[in-house]
Amino acid sequence: MNLPQRLGVLTSGGDCPGVNAVIRGAVLGGTVAHGYEFVGFRDGWRGVLEDDLLPLPRRAVRGISGLGGTILGTSRTNPLSEGGVEAVRGSMRRHRLEGLIAIGGEGTLAAGKALSDQGVNVVGVPKSIDNDLGATDYTFGFDSAVQTATEAIDRLRTTGESHHRCMIAEVMGRNAGWIALHAGMASGAHAILIPEHRVALKQVAAWVTSARDRGRAPLVVVAEAFTPEGQDAPYAPRGLDTFGRPRLGGIGLALERELQQLTGIETRATVLGHIQRGGEPTAFDRVLATRLGMAAVGAAAAGRWGTMVSLRGTEIVNVGLEQALGALKVVPEARYREAAVLFG
Ligand SMILES: Nc1ncnc2c1ncn2[C@@H]1O[C@H](COP(=O)(O)OP(=O)(O)O)[C@@H](O)[C@H]1O
Ligand SMILES: O=P(O)(O)OC[C@H]1O[C@](O)(COP(=O)(O)O)[C@@H](O)[C@@H]1O
Ligand SMILES: [Mg+2]
């Protein structure tokens with residue numbers, strides 16, 4: 001008797017709304033359309049290296065597409081430095097896995113690519129609230145983060161109007177200003193500050209003053225990695241994380257001081273932080289994530305290892321992992337200029 005083929009699923013790197021919908025899409029699609037069995041590894045590559053896994057039958061993914069976070073847990077374990085390709089291969093052999101579905105951002109996919117180059121069967125599913133991965137039009141999680149940020153900024157606006165204050169909302173975005181651009185446009189910000197585009201603080205102060213002079217409570221949306229003209233690095237007063245990367249966050253509070261001084265307008269900053277990453281995915285993200293999960297299993301069934309699934313227009317396609325890892329997708333200058341027409 002032929003045993004059913006088995007796939008392992010893991011989620012790695014920062015979590016994001018919609019990860020559970022990918023897991024459900026993969027398990028349901030794989031079970032129904034391809035007769036696959038699934039196991040889930042706990043905490044990303046750590047679970048692979050330490051044989052920490054659980055069976056993922058259809059009933060385990062019941063009703064999870066609207067659930068925030070990841071039912072599998074996540075970590076930033078590096079499978080290459082902490083175990084090596086042989087450890088991953090051994091784990092797959094022990095658990096009789098034909099391949100792995102790796103759900104993660106550029107770090108996870110880079111690890112997936114390195115493993116795939118050495119013959120390990122991997123299909124990637126791109127994830128990031130930052131929307132900064134190449135070779136896909138949108139990453140799931142981004143729409144949810146923008147929705148959460150927009151709702152928060154709308155609230156800042158009403159209290160700002162009551163007190164005639166300038167309000168600053170700091171949003172996430174390690175390398176790219178997509179969340180700031182979209183949430184800023186959606187909430188009608190008077191200035192949007194992103195890492196791709198340097199602006200002098202004097203210019204920001206001029207936008208703030210001009211909005212106030214028209215009787216508005218000025219609203220500034222700033223991405224955590226924005227670097228004002230004249231400074232050489234993003235604001236990262238909290239040192240490095242355990243992987244040696246600067247821990248961003250706090251530029252909003254620095255701007256609060258500086259803009260208040262430059263404009264004389266009472267100013268309050270709010271750092272939205274991980275609130276943007278938690279909670280339920282939007283309907284758009286649930287649909288996108290479900291389709292990506294199903295397509296990832298389709299790619300595995302077709303033997304298209306070393307690829308990732310991605311959104312092109314309205315279609316889900318398959319691209320080589322190297323295409324996703326080439327260059328980060330940052331906000332083009334034309335998109336910034338389009339938004340900047342409405343500043344001040
Ligand atoms: N270039 C790389 N090659 C191999 N593994 C990597 C690479 N970059 C990151 N990783 C591993 O993948 C983990 C997840 O990446 P990270 O950037 O933290 O999250 P994400 O996958 O969301 O981008 C990292 O902690 C690291 O262990
Ligand atoms: O959760 P941490 O380690 O504080 O990381 C925060 C970073 O993760 C993000 O939320 C998402 O980045 P990734 O998609 O690469 O994981 C960034 O916007 C932010 O800078
Ligand atoms: Mg990353």
# chains A, B, ... in the order shown; residues from 1 in each chain; ligands from 1

call {"tool": "residues_near_ligand", "arguments": {"ligand": "ligand 2", "cutoff": "8 Å", "atoms": "only C-alpha atoms and all ligand atoms", "output": "mmCIF file with C-alpha atoms, in the first residue's frame"}}
result
data_model
loop_
_atom_site.group_PDB
_atom_site.id
_atom_site.type_symbol
_atom_site.label_atom_id
_atom_site.label_comp_id
_atom_site.auth_asym_id
_atom_site.auth_seq_id
_atom_site.Cartn_x
_atom_site.Cartn_y
_atom_site.Cartn_z
ATOM 1 C CA GLY A 13 10.817 35.448 11.261
ATOM 2 C CA GLY A 14 8.423 38.165 12.448
ATOM 3 C CA ASP A 15 4.806 36.997 12.640
ATOM 4 C CA CYS A 16 2.125 38.785 10.674
ATOM 5 C CA GLY A 104 8.595 33.810 6.069
ATOM 6 C CA GLY A 105 10.257 37.020 4.984
ATOM 7 C CA GLU A 106 13.520 37.680 3.195
ATOM 8 C CA GLY A 107 15.590 36.040 5.959
ATOM 9 C CA LYS A 127 5.345 37.170 4.372
ATOM 10 C CA SER A 128 5.923 40.668 5.699
ATOM 11 C CA ILE A 129 3.796 43.481 7.052
ATOM 12 C CA ASP A 130 6.462 45.747 5.514
ATOM 13 C CA ASN A 131 5.512 44.721 1.927
ATOM 14 C CA MET A 172 6.808 50.123 11.276
ATOM 15 C CA GLY A 173 8.949 49.634 8.196
ATOM 16 C CA ARG A 174 12.496 48.420 8.644
ATOM 17 C CA ASN A 175 13.655 49.100 5.100
ATOM 18 C CA GLU A 224 10.517 53.967 12.019
ATOM 19 C CA ASP A 241 18.645 42.924 18.605
ATOM 20 C CA ARG A 247 16.325 47.968 17.001
ATOM 21 C CA LEU A 248 14.432 50.737 15.309
ATOM 22 C CA GLY A 249 11.633 52.723 16.915
ATOM 23 C CA GLY A 273 4.859 49.331 17.221
ATOM 24 C CA HIS A 274 3.791 45.700 17.383
ATOM 25 C CA GLN A 276 0.420 46.716 13.754
ATOM 26 C CA ARG A 277 1.596 43.117 13.629
#

call {"tool": "residues_around", "arguments": {"residues": "Leu292 (chain A)", "least_positions_apart": "3", "cutoff": "8 Å", "atoms": "only C-alpha atoms", "output": "MDAnalysis selection string"}}
result
chainID A and resid 22 25:26 125 288:289 295:296 309:310 316

call {"tool": "residues_around", "arguments": {"residues": "region 188-194 of chain A", "least_positions_apart": "6", "cutoff": "9 Å", "atoms": "only C-alpha atoms", "output": "NGL selection string"}}
result
:A and (153 or 173 or 176-178 or 180-181 or 204 or 207-208 or 211 or 218-228 or 331 or 336 or 339-340 or 342-344)

call {"tool": "select_by_dssp", "arguments": {"residues": "region 63-189 of chain A", "states": "alpha helix (DSSP H)", "output": "PyMOL selection string"}}
result
chain A and resi 79-82+85-94+106-117+142-163+178-187

call {"tool": "closest_residue", "arguments": {"among": "A:Ala33, A:Leu72, A:Ile64, A:Val122", "to": "Asp52 (chain A)", "atoms": "only C-alpha atoms"}}
result
A:Leu72

call {"tool": "residues_near_ligand", "arguments": {"ligand": "ligand 1", "cutoff": "9 Å", "atoms": "only C-alpha atoms and all ligand atoms", "output": "VMD selection string"}}
result
chain A and resid 11 to 16 44 to 45 75 to 82 103 to 115 126 to 128 242 to 243

call {"tool": "write_last_selection", "arguments": {"atoms": "N, CA and C atoms", "output": "short mmCIF file (atom, residue, chain, number, x, y, z; two decimals), in the first residue's frame"}}
result
data_model
loop_
_atom_site.label_atom_id
_atom_site.label_comp_id
_atom_site.auth_asym_id
_atom_site.auth_seq_id
_atom_site.Cartn_x
_atom_site.Cartn_y
_atom_site.Cartn_z
N THR A 11 6.70 28.36 10.13
CA THR A 11 6.59 29.82 10.03
C THR A 11 7.79 30.41 10.77
N SER A 12 8.48 31.36 10.13
CA SER A 12 9.75 31.83 10.67
C SER A 12 9.90 33.34 10.48
N GLY A 13 10.67 33.98 11.33
CA GLY A 13 10.82 35.45 11.26
C GLY A 13 9.67 36.13 12.00
N GLY A 14 9.50 37.42 11.78
CA GLY A 14 8.42 38.17 12.45
C GLY A 14 7.07 37.60 12.05
N ASP A 15 6.14 37.50 13.02
CA ASP A 15 4.81 37.00 12.64
C ASP A 15 4.07 38.09 11.88
N CYS A 16 2.94 37.76 11.32
CA CYS A 16 2.12 38.79 10.67
C CYS A 16 0.72 38.26 10.43
N GLY A 44 9.41 27.74 13.73
CA GLY A 44 10.26 27.85 12.54
C GLY A 44 11.31 26.77 12.44
N TRP A 45 12.50 27.18 12.00
CA TRP A 45 13.58 26.19 11.76
C TRP A 45 14.00 25.50 13.06
N SER A 75 10.33 31.73 15.22
CA SER A 75 11.62 32.09 15.83
C SER A 75 12.50 32.64 14.73
N ARG A 76 13.66 33.14 15.12
CA ARG A 76 14.61 33.60 14.12
C ARG A 76 15.82 32.66 14.07
N THR A 77 15.58 31.38 14.37
CA THR A 77 16.65 30.38 14.30
C THR A 77 17.16 30.25 12.87
N ASN A 78 18.49 30.22 12.74
CA ASN A 78 19.09 30.05 11.42
C ASN A 78 19.45 28.57 11.22
N PRO A 79 18.80 27.88 10.29
CA PRO A 79 19.01 26.44 10.15
C PRO A 79 20.42 26.11 9.66
N LEU A 80 21.06 27.06 8.99
CA LEU A 80 22.38 26.76 8.43
C LEU A 80 23.47 26.89 9.48
N SER A 81 23.36 27.95 10.30
CA SER A 81 24.42 28.12 11.30
C SER A 81 24.14 27.27 12.54
N GLU A 82 22.86 26.92 12.77
CA GLU A 82 22.57 26.21 14.02
C GLU A 82 22.38 24.71 13.86
N ILE A 103 7.10 29.54 5.43
CA ILE A 103 6.38 30.81 5.38
C ILE A 103 7.23 31.84 6.12
N GLY A 104 7.73 32.85 5.40
CA GLY A 104 8.60 33.81 6.07
C GLY A 104 8.99 34.96 5.17
N GLY A 105 9.80 35.85 5.73
CA GLY A 105 10.26 37.02 4.98
C GLY A 105 11.58 36.75 4.29
N GLU A 106 12.32 37.84 4.03
CA GLU A 106 13.52 37.68 3.20
C GLU A 106 14.57 36.81 3.90
N GLY A 107 14.62 36.86 5.23
CA GLY A 107 15.59 36.04 5.96
C GLY A 107 15.26 34.56 5.84
N THR A 108 14.01 34.23 6.09
CA THR A 108 13.54 32.84 6.01
C THR A 108 13.71 32.30 4.59
N LEU A 109 13.37 33.13 3.61
CA LEU A 109 13.46 32.69 2.22
C LEU A 109 14.91 32.54 1.78
N ALA A 110 15.80 33.38 2.34
CA ALA A 110 17.23 33.23 2.04
C ALA A 110 17.73 31.90 2.58
N ALA A 111 17.28 31.54 3.78
CA ALA A 111 17.65 30.24 4.33
C ALA A 111 17.06 29.13 3.45
N GLY A 112 15.81 29.31 3.03
CA GLY A 112 15.16 28.32 2.15
C GLY A 112 15.92 28.15 0.86
N LYS A 113 16.39 29.25 0.32
CA LYS A 113 17.14 29.19 -0.95
C LYS A 113 18.46 28.44 -0.76
N ALA A 114 19.15 28.76 0.34
CA ALA A 114 20.44 28.10 0.60
C ALA A 114 20.23 26.59 0.76
N LEU A 115 19.15 26.19 1.45
CA LEU A 115 18.87 24.76 1.62
C LEU A 115 18.51 24.13 0.29
N PRO A 126 5.98 34.11 0.73
CA PRO A 126 6.51 35.39 1.23
C PRO A 126 5.57 36.06 2.21
N LYS A 127 6.13 36.53 3.32
CA LYS A 127 5.35 37.17 4.37
C LYS A 127 6.07 38.40 4.88
N SER A 128 5.37 39.50 5.00
CA SER A 128 5.92 40.67 5.70
C SER A 128 4.87 41.75 5.79
N THR A 242 19.09 40.55 19.02
CA THR A 242 20.00 39.43 19.23
C THR A 242 20.69 39.00 17.93
N PHE A 243 20.24 39.53 16.80
CA PHE A 243 20.88 39.17 15.53
C PHE A 243 21.76 40.30 15.01
#

call {"tool": "residues_around", "arguments": {"residues": "Thr209 (chain A)", "least_positions_apart": "5", "cutoff": "10 Å", "atoms": "only C-alpha atoms", "output": "list in words"}}
result
Cys166, His190, Gln203, Val204, Arg214, Gly215, Arg216, Ala217, Pro218, Leu259, Leu262, Thr263, Gly264, Ile265 and Gly344 of chain A

call {"tool": "residues_around", "arguments": {"residues": "Arg6 (chain A)", "least_positions_apart": "4", "cutoff": "8 Å", "atoms": "only C-alpha atoms", "output": "MDAnalysis selection string"}}
result
chainID A and resid 36:39 96:99

call {"tool": "closest_residue", "arguments": {"among": "A:Leu325, A:Ile275, A:Val317, A:Ala269", "to": "ligand 3", "atoms": "only C-alpha atoms and all ligand atoms"}}
result
A:Leu325

call {"tool": "closest_residue", "arguments": {"among": "A:Leu10, A:Arg93, A:Thr31, A:Leu253", "to": "Leu54 (chain A)", "atoms": "only C-alpha atoms"}}
result
A:Leu10

call {"tool": "select_by_dssp", "arguments": {"residues": "region 104-304 of chain A", "states": "strand (DSSP E or B)", "output": "JSON, numbers by chain"}}
result
{"A": [104, 122, 123, 124, 125, 126, 127, 140, 166, 167, 168, 169, 170, 171, 191, 192, 193, 219, 220, 221, 222, 223, 240, 246, 267, 268, 269, 270, 271]}

call {"tool": "write_last_selection", "arguments": {"atoms": "N, CA and C atoms", "output": "mmCIF file, in the first residue's frame"}}
result
data_model
loop_
_atom_site.group_PDB
_atom_site.id
_atom_site.type_symbol
_atom_site.label_atom_id
_atom_site.label_comp_id
_atom_site.auth_asym_id
_atom_site.auth_seq_id
_atom_site.Cartn_x
_atom_site.Cartn_y
_atom_site.Cartn_z
ATOM 1 N N GLY A 104 7.733 32.846 5.399
ATOM 2 C CA GLY A 104 8.595 33.810 6.069
ATOM 3 C C GLY A 104 8.991 34.957 5.170
ATOM 4 N N VAL A 122 12.160 22.727 -0.933
ATOM 5 C CA VAL A 122 11.514 23.829 -0.212
ATOM 6 C C VAL A 122 10.657 24.645 -1.175
ATOM 7 N N VAL A 123 9.448 24.991 -0.736
ATOM 8 C CA VAL A 123 8.657 26.021 -1.425
ATOM 9 C C VAL A 123 8.429 27.142 -0.423
ATOM 10 N N GLY A 124 8.630 28.385 -0.843
ATOM 11 C CA GLY A 124 8.480 29.521 0.057
ATOM 12 C C GLY A 124 7.145 30.235 -0.119
ATOM 13 N N VAL A 125 6.684 30.827 0.969
ATOM 14 C CA VAL A 125 5.505 31.707 0.920
ATOM 15 C C VAL A 125 5.934 33.038 1.536
ATOM 16 N N PRO A 126 5.981 34.109 0.727
ATOM 17 C CA PRO A 126 6.515 35.386 1.231
ATOM 18 C C PRO A 126 5.570 36.056 2.214
ATOM 19 N N LYS A 127 6.135 36.528 3.317
ATOM 20 C CA LYS A 127 5.345 37.170 4.372
ATOM 21 C C LYS A 127 6.069 38.403 4.879
ATOM 22 N N PHE A 140 1.018 39.309 2.066
ATOM 23 C CA PHE A 140 -0.109 39.300 3.002
ATOM 24 C C PHE A 140 0.387 39.847 4.350
ATOM 25 N N CYS A 166 -0.347 69.162 17.135
ATOM 26 C CA CYS A 166 0.245 68.385 16.045
ATOM 27 C C CYS A 166 0.408 66.955 16.554
ATOM 28 N N MET A 167 -0.101 66.002 15.786
ATOM 29 C CA MET A 167 -0.005 64.599 16.195
ATOM 30 C C MET A 167 0.958 63.872 15.257
ATOM 31 N N ILE A 168 1.809 63.037 15.867
ATOM 32 C CA ILE A 168 2.762 62.241 15.080
ATOM 33 C C ILE A 168 2.456 60.769 15.316
ATOM 34 N N ALA A 169 2.317 59.992 14.234
ATOM 35 C CA ALA A 169 2.147 58.545 14.368
ATOM 36 C C ALA A 169 3.366 57.869 13.764
ATOM 37 N N GLU A 170 4.053 57.075 14.580
ATOM 38 C CA GLU A 170 5.202 56.318 14.060
ATOM 39 C C GLU A 170 4.755 54.897 13.730
ATOM 40 N N VAL A 171 5.010 54.484 12.507
ATOM 41 C CA VAL A 171 4.610 53.139 12.069
ATOM 42 C C VAL A 171 5.856 52.310 11.761
ATOM 43 N N ALA A 191 2.023 65.210 6.401
ATOM 44 C CA ALA A 191 3.393 64.870 6.007
ATOM 45 C C ALA A 191 3.584 63.376 6.207
ATOM 46 N N ILE A 192 4.239 62.741 5.251
ATOM 47 C CA ILE A 192 4.568 61.313 5.370
ATOM 48 C C ILE A 192 6.080 61.208 5.212
ATOM 49 N N LEU A 193 6.722 60.565 6.184
ATOM 50 C CA LEU A 193 8.189 60.512 6.178
ATOM 51 C C LEU A 193 8.631 59.059 6.084
ATOM 52 N N LEU A 219 -0.992 66.495 11.112
ATOM 53 C CA LEU A 219 -0.824 65.056 11.329
ATOM 54 C C LEU A 219 0.396 64.592 10.525
ATOM 55 N N VAL A 220 1.361 64.005 11.239
ATOM 56 C CA VAL A 220 2.582 63.524 10.589
ATOM 57 C C VAL A 220 2.658 62.005 10.759
ATOM 58 N N VAL A 221 2.863 61.278 9.671
ATOM 59 C CA VAL A 221 3.057 59.829 9.763
ATOM 60 C C VAL A 221 4.504 59.543 9.387
ATOM 61 N N VAL A 222 5.217 58.878 10.302
ATOM 62 C CA VAL A 222 6.644 58.637 10.063
ATOM 63 C C VAL A 222 6.948 57.144 10.172
ATOM 64 N N ALA A 223 7.717 56.633 9.230
ATOM 65 C CA ALA A 223 8.181 55.241 9.297
ATOM 66 C C ALA A 223 9.374 55.163 10.232
ATOM 67 N N LEU A 240 21.126 46.970 19.582
ATOM 68 C CA LEU A 240 20.955 45.937 18.560
ATOM 69 C C LEU A 240 20.063 44.823 19.093
ATOM 70 N N PRO A 246 20.039 46.853 14.189
ATOM 71 C CA PRO A 246 19.587 47.960 15.032
ATOM 72 C C PRO A 246 18.114 47.801 15.365
ATOM 73 N N THR A 267 2.925 69.318 20.542
ATOM 74 C CA THR A 267 3.024 68.120 19.692
ATOM 75 C C THR A 267 3.027 66.860 20.542
ATOM 76 N N ARG A 268 2.353 65.821 20.060
ATOM 77 C CA ARG A 268 2.321 64.533 20.759
ATOM 78 C C ARG A 268 2.604 63.415 19.767
ATOM 79 N N ALA A 269 3.498 62.503 20.162
ATOM 80 C CA ALA A 269 3.829 61.374 19.277
ATOM 81 C C ALA A 269 3.331 60.063 19.874
ATOM 82 N N THR A 270 2.925 59.149 19.005
ATOM 83 C CA THR A 270 2.511 57.804 19.417
ATOM 84 C C THR A 270 3.269 56.793 18.556
ATOM 85 N N VAL A 271 3.878 55.817 19.226
ATOM 86 C CA VAL A 271 4.584 54.759 18.491
ATOM 87 C C VAL A 271 3.651 53.551 18.419
#

call {"tool": "closest_residue", "arguments": {"among": "A:Ala301, A:Leu272, A:Met185, A:Val9", "to": "Ala102 (chain A)", "atoms": "only C-alpha atoms"}}
result
A:Val9

call {"tool": "atom_distance", "arguments": {"atom1": "CA of Asn2 (chain A)", "atom2": "CA of Ile23 (chain A)"}}
result
25.2 Å

call {"tool": "decode", "arguments": {"residues": "region 135-158 of chain A", "atoms": "N, CA and C atoms", "output": "CSV table (one decimal), in the first residue's frame"}}
result
chain,number,residue,atom,x,y,z
A,135,ALA,N,9.4,40.6,-6.3
A,135,ALA,CA,8.8,39.5,-7.0
A,135,ALA,C,7.4,39.2,-6.6
A,136,THR,N,6.8,40.0,-5.8
A,136,THR,CA,5.4,39.9,-5.4
A,136,THR,C,4.8,41.3,-5.3
A,137,ASP,N,3.6,41.4,-5.8
A,137,ASP,CA,3.0,42.8,-5.8
A,137,ASP,C,2.7,43.3,-4.4
A,138,TYR,N,2.1,42.4,-3.6
A,138,TYR,CA,1.8,42.6,-2.2
A,138,TYR,C,2.1,41.4,-1.4
A,139,THR,N,2.6,41.6,-0.2
A,139,THR,CA,2.7,40.5,0.8
A,139,THR,C,1.5,40.5,1.7
A,140,PHE,N,1.0,39.3,2.1
A,140,PHE,CA,-0.1,39.3,3.0
A,140,PHE,C,0.4,39.8,4.4
A,141,GLY,N,-0.5,40.4,5.1
A,141,GLY,CA,-0.1,41.1,6.4
A,141,GLY,C,0.0,42.6,6.2
A,142,PHE,N,0.4,43.0,5.0
A,142,PHE,CA,0.5,44.5,4.8
A,142,PHE,C,-0.8,45.2,4.9
A,143,ASP,N,-1.8,44.6,4.2
A,143,ASP,CA,-3.1,45.3,4.2
A,143,ASP,C,-3.7,45.4,5.7
A,144,SER,N,-3.5,44.3,6.4
A,144,SER,CA,-3.9,44.3,7.8
A,144,SER,C,-3.2,45.4,8.6
A,145,ALA,N,-1.9,45.5,8.4
A,145,ALA,CA,-1.1,46.5,9.2
A,145,ALA,C,-1.5,47.9,8.8
A,146,VAL,N,-1.8,48.1,7.5
A,146,VAL,CA,-2.2,49.4,7.1
A,146,VAL,C,-3.6,49.8,7.7
A,147,GLN,N,-4.5,48.8,7.7
A,147,GLN,CA,-5.8,49.0,8.3
A,147,GLN,C,-5.7,49.4,9.8
A,148,THR,N,-4.9,48.6,10.5
A,148,THR,CA,-4.7,48.9,11.9
A,148,THR,C,-4.1,50.3,12.1
A,149,ALA,N,-3.1,50.6,11.4
A,149,ALA,CA,-2.4,51.9,11.5
A,149,ALA,C,-3.4,53.0,11.2
A,150,THR,N,-4.2,52.8,10.1
A,150,THR,CA,-5.1,53.9,9.7
A,150,THR,C,-6.2,54.1,10.8
A,151,GLU,N,-6.7,53.0,11.4
A,151,GLU,CA,-7.7,53.2,12.4
A,151,GLU,C,-7.1,54.0,13.6
A,152,ALA,N,-5.9,53.6,14.0
A,152,ALA,CA,-5.2,54.3,15.1
A,152,ALA,C,-5.0,55.8,14.7
A,153,ILE,N,-4.5,56.1,13.5
A,153,ILE,CA,-4.2,57.4,13.1
A,153,ILE,C,-5.5,58.3,13.1
A,154,ASP,N,-6.6,57.7,12.6
A,154,ASP,CA,-7.9,58.4,12.7
A,154,ASP,C,-8.3,58.8,14.1
A,155,ARG,N,-7.9,57.9,15.1
A,155,ARG,CA,-8.2,58.3,16.5
A,155,ARG,C,-7.3,59.4,16.9
A,156,LEU,N,-6.0,59.4,16.5
A,156,LEU,CA,-5.1,60.5,16.8
A,156,LEU,C,-5.6,61.8,16.3
A,157,ARG,N,-6.2,61.7,15.1
A,157,ARG,CA,-6.7,62.9,14.5
A,157,ARG,C,-7.8,63.6,15.3
A,158,THR,N,-8.7,62.8,15.8
A,158,THR,CA,-9.8,63.5,16.5
A,158,THR,C,-9.3,64.1,17.8
